[in-house]
Each structure stands twice: as C-alpha cells, then as structure tokens.
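**Student:** Handing you this structure, nothing more for now.
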Amino acid sequence: MTVKVKFFSLIREAVETEELTLDFAEEISTVTGLKSLLGERGEAWVEALSHPNLIQAVNQRVVFQEEAINDGDEVAFFPPMTGG
Amino acid sequence: MTVKVKFFSLIREAVETEELTLDFAEEISTVTGLKSLLGERGEAWVEALSHPNLIQAVNQRVVFQEEAINDGDEVAFFPPMTGG
Amino acid sequence: MSVTVTDKDISPGDLATAFYASNPHGAVTTFAGFVRDFNAQGDVETLHLECYVEMAERVLNDLGAEARRRFDLKSWQIVHRFGSLSSEKPIVFVATSADHRAEAFSACEFVMDTLKTDAPFWKREDSEGDGQWVTVAARDIDRRQRWDTKDPVS
Amino acid sequence: MSVTVTDKDISPGDLATAFYASNPHGAVTTFAGFVRDFNAQGDVETLHLECYVEMAERVLNDLGAEARRRFDLKSWQIVHRFGSLSSEKPIVFVATSADHRAEAFSACEFVMDTLKTDAPFWKREDSEGDGQWVTVAARDIDRRQRWDTKDPVS
C-alpha cells in the first residue's frame with residue numbers, strides 16, 4: 001500500500017523530513033502501526049512521534065491514533081496548532 | 001431664568017415644537033417644574049410630557065425628573081432611543 | 001479615538017481601511033450596520049433617523065472612553081449616520097483595537113449594545129405619506145443590561 | 001462564503017470594502033489580526049507561519065459552513081496568511097454577515113476562537129539565526145472550549 005506522510009513545525013524539524021511517500025509490503029492498519037514503522041528510522045523518529053501533544057491527521061482531518069489507514073491516504077503529524 | 005427646551009421624535013410631533021427658548025420670571029427648580037409650566041400650553045403638552053417612557057436630558061445627559069435646572073441649561077424630552 | 005455624527009453618506013470600507021492603516025497592531029474588530037432590504041417589509045421606502053446631535057456626540061464620546069478604559073483598547077472609532085437613508089445604506093460603523101481579540105470583540109459589542117439604547121437617535125420607517133416610529137426591541141434592552149453586571153471580558 | 005489561504009500579503013481594508021459591497025445588508029462584523037510590534041519583545045525580526053495548506057483550506061471551509069449553520073449567517077469570509085511576516089503585517093481577516101448583530105458578532109468570534117486551535121498553522125518567531133516556535137496560549141484553549149457548550153447566541 002502507498003501512503004503519503006507529512007510533518008510540520010517542530011515534528012518536521014525533529015525528523016528532518018517534510019514529506020515521505022511510503023510504498024510498503026506490510027499491511028499497516030492504523031496510525032499507530034504507521035508510527036511504529038516510522039520509528040524504525042531511528043531514535044529521533046521515535047522521540048518525535050511520541051511527543052505528548054502530537055496530533056495526527058488522515059486525509060486532512062484530525063484523528064485519534066487508532067484511526068484506520070487505507071491505501072492512498074495522506075497522513076500528517078504535527079504539534080498543537082497556533083494560527084490566527 | 002433662561003432655559004432652552006428641545007423635543008424629539010414622537011414627543012416633538014405631539015407638541016408640534018422642535019425647540020423653545022423660555023425666559024421666565026418664575027423660578028423653576030426641577031425638570032418636573034418645567035413640565036408643569038409647559039403643561040399650561042394645552043392638553044397635547046400635558047399628554048406628551050406624561051408619556052410613560054418619557055426620557056429627559058439636562059445639558060445632554062439623561063436625568064431623573066427631580067434633576068435641578070439652572071439658568072442657561074438645555075433641557076430635552078424624547079421617547080426611548082432606537083439608534084444603531 | 002473619534003466620534004462622527006453626520007447626515008452625509010458613510011463608507012464602512014473606507015473607514016475600516018483608514019482605521020487599519022492607523023492601527024496596524026494586534027486585534028481589530030469592526031461592526032457595520034446597514035438598513036435592511038425593505039422589499040420584504042412591504043411599502044417602506046426610507047428609513048429616517050432623527051438625531052439630537054450635540055447629545056449624540058457627547059454620549060458616543062463618553063461611550064468610547066468607557067470602552068477604552070474597560071477593555072484596555074489601543075484605539076476606537078464610532079461613526080453614526082442620521083437623516084434619510086434608503087435600503088442597504090450604512091447606518092453605523094464601530095471599530096475597536098486591542099492587544100488581544102477578546103477585548104477587541106467585547107468592546108465593539110459593548111459599544112453597539114449600549115449605543116442602541118443610550119445614544120439619542122430615533123428611527124422612523126417612512127412609506128408614501130406615512131411614517132411609523134420604530135419601537136425599542138426587547139432583545140436590545142436585554143443586551144444592554146448584561147453589560148451592567150458582566151465581567152469586562154468573559 | 002469563501003476561504004483564502006495565501007503566502008501573499010493581504011489587505012484587510014480591501015477585503016472589508018469588497019465584503020461590504022457584496023453584503024450591504026443587516027449586520028457585518030469583521031476581525032483583522034496583525035503581527036504585534038516586535039520592538040517591545042527584543043530581537044524578534046520576523047513571524048513565520050508554517051501551514052498545511054490543503055488541510056487549512058478544508059478546516060476553514062468546514063468552519064465557515066458550521067458558523068453559517070449555527071448563527072444563521074447570510075455570508076462569511078475567512079482569509080489567512082502564511083509564510084514570513086514582518087511587524088504590523090496582517091495575518092488573518094474574518095467577516096460575517098447576519099440579519100442581527102448578535103449573530104454576526106458571535107459567529108466572527110466563534111470562527112476566530114476555533115481557527116486559533118483547529119486550523120493547521122504554526123507560528124515561529126525568528127530572530128537573527130534562531131527560531132522559536134510559539135506555544136498554545138491557555139486562554140486560547142479556554143476560549144475554544146466555551147463554544148462546545150454554549151448556546152449559539154448568548
């Protein structure tokens with residue numbers, strides 16, 4: 001399955017990555033599964049993705065981390081928003 | 001003493017008067033006294049000045065009808081305001 | 001920090017533009033009130049606003065000063081039209097500027113709620129050969145009164 | 001009924017003027033937020049706003065639609081800047097139009113309070129060679145939460 005992953009703000013800085021397109025054999029069923037997979041990239045990734053205030057979005061909507069992921073989805077990780 | 005008196009909206013229409021400058025010998029001490037004096041002008045005046053929601057202002061400030069009037073003051077009578 | 005009471009047409013867009021230009025700082029809230037579209041209300045042709053001009057200027061200046069003190073405003077402006085207005089014409093423009101949006105919003109709403117019942121304007125709806133004075137809406141009295149008891153910002 | 005998310009400068013005066021022109025009806029509230037004057041804060045030179053553009057457009061469109069439904073709006077507009085902004089530049093413009101001012105005010109404040117915490121923008125204060133991410137203010141979280149329980153207009 002293919003998943004696009006985006007990172008913003010201090011999460012982006014921590015993993016030094018803006019965007020990834022993953023095409024993996026394993027079936028990843030949830031955001032939590034995706035986080036585990038990304039954690040294999042190193043300690044910085046594990047730390048960033050276990051940030052206590054981490055927010056995740058699937059297809060531009062904020063979701064809980066048990067949210068299902070499907071082929072073609074766009075997932076994003078970021079800290080609390082500070083717009084306006 | 002000299003007092004300028006103004007009337008607005010339906011009070012103005014009822015007494016058919018926009019503005020009066022009164023120069024009278026009697027000493028009028030309060031707004032109530034002025035209303036009594038104006039009431040001598042006829043029934044339309046008595047009625048208009050006993051309107052249940054009548055508001056009175058002295059020198060451009062809303063006051064109770066016991067408010068004192070002094071020489072040179074500007075007094076106004078009008079119904080509830082509907083601006084904005 | 002200014003009050004304008006005028007029988008000339010006002011332009012809320014120009015007023016907002018000028019206010020932003022002189023106060024490019026923090027939070028700015030504006031309110032503009034327009035004459036309703038009379039078409040829905042039958043034969044009303046014109047809204048006439050009678051005004052006790054000297055008192056209106058005094059009341060609005062006092063109101064702006066109170067809003068500034070109560071909500072810690074950086075700046076404020078109140079513009080109110082009187083005279084005859086056709087459908088969709090602007091009647092009133094209020095702008096408030098503060099460090100934070102809570103104060104700017106509350107101050108602007110406080111000014112509008114208060115001027116509705118405390119500034120000496122009287123609305124009359126004119127149709128052909130006939131005029132009807134507008135009476136005070138109960139909701140306007142309620143909205144005015146809540147500022148007597150409420151905390152400055154809530 | 002429009003959302004604009006842009007890295008170009010915005011002009012709240014022009015936006016207000018255009019909104020008034022297309023909605024000369026009833027009550028219009030606007031809010032404009034500007035970058036604070038950095039001089040008081042030492043060596044901050046620029047405010048940088050990072051944005052997840054596709055999500056911001058979706059969130060703001062949903063927010064405008066919710067405000068319209070909840071406050072019976074006639075019209076609304078949300079414009080939000082991202083990228084680098086110097087002191088006093090406008091960041092955000094919101095306009096709401098309704099039959100009555102209570103709804104216009106509440107809707108505009110609801111949109112601002114909600115987009116602060118729900119729209120994917122992240123502020124960073126940049127000084128020479130250094131950047132500091134802005135953290136969420138407790139008052140912004142409080143102001144967001146009151147809309148979860150409050151009546152539409154109070």
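Residues in the structure tokens are numbered from 1 in each chain, the chains being A, B, ... in the order shown, and ligands are numbered from 1 in the order shown.
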Please provide the set of residues having any atom within 7 Å of segment 51-59 of chain A, restricted to only C-alpha atoms, with same-chain residues fewer than 2 positions apart removed, written as JSON, numbers by chain.
**Tutor:** {"A": [47, 48, 49, 61, 62, 63, 65, 73, 74, 75, 76, 77, 78, 79, 80]}
**Student:** Got a sec: who's within 9 Å of segment 138-142 of chain D, counting only C-alpha atoms, leaving out chain neighbours fewer than 6 positions off, as a list in words?
**Tutor:**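 Answer for this query is Asp113, Thr114, Lys116 and Thr117 of chain D.
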**Student:** Just the selected residues (C-alpha atoms), exported as a compact mmCIF listing (two decimals), in the first residue's frame, please.
**Tutor:**
```
# COMPACT_ATOMS: atom_id res chain seq x y z
CA ASP D 113 -11.54 31.17 18.57
CA THR D 114 -11.83 27.93 16.65
CA LYS D 116 -6.67 29.52 16.52
CA THR D 117 -6.51 25.93 17.75
```
**Student:** Give me, as JSON, numbers by chain, the residues of chain C touching chain B, with the criterion being at most 8 Å (counting only C-alpha atoms).
**Tutor:** {"C": [33, 49, 50, 51, 52, 54, 55, 58, 59, 80, 91, 92, 112, 115, 116, 117, 118, 119, 120, 121, 122, 123, 133, 134, 135, 136]}
**Student:** To one decimal place in Å, what is the distance between atom CA of Ala25 of chain A and atom CA of Glu13 of chain A?
**Tutor:**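 Result for atom CA of Ala25 of chain A versus atom CA of Glu13 of chain A: 27.6 Å, one decimal.
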**Student:** Provide as JSON, numbers by chain the residues of chain D at most 9 Å from chain C, counting only C-alpha atoms.
**Tutor:** {"D": [11, 12, 13, 14, 15, 16, 17, 18, 19, 20, 21, 23, 24, 25, 26, 27, 28, 29, 30, 31, 32, 33, 34, 35, 36, 37, 87, 88, 89, 90, 99, 100, 101, 102, 104, 105, 108, 109, 112, 143]}
**Student:** List as a PDB file with C-alpha atoms, in the first residue's frame the protein and nucleic acid residues near Ala65 of chain D, meaning an atom at most 10 Å away when only C-alpha atoms are counted, but skip any in the same chain fewer than 6 places from it.
**Tutor:**
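Written file, around24.pdb:
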```
ATOM      1  CA  MET D   1     -18.750  32.109   1.540  1.00  0.00           C
ATOM      2  CA  SER D   2     -15.077  31.861   0.744  1.00  0.00           C
ATOM      3  CA  VAL D  59     -10.760  23.078   8.021  1.00  0.00           C
ATOM      4  CA  LEU D  73     -25.253  33.783   8.611  1.00  0.00           C
ATOM      5  CA  SER D  75     -22.434  35.356   4.266  1.00  0.00           C
ATOM      6  CA  TRP D  76     -18.908  34.804   5.606  1.00  0.00           C
TER       7      TRP D  76
END
```
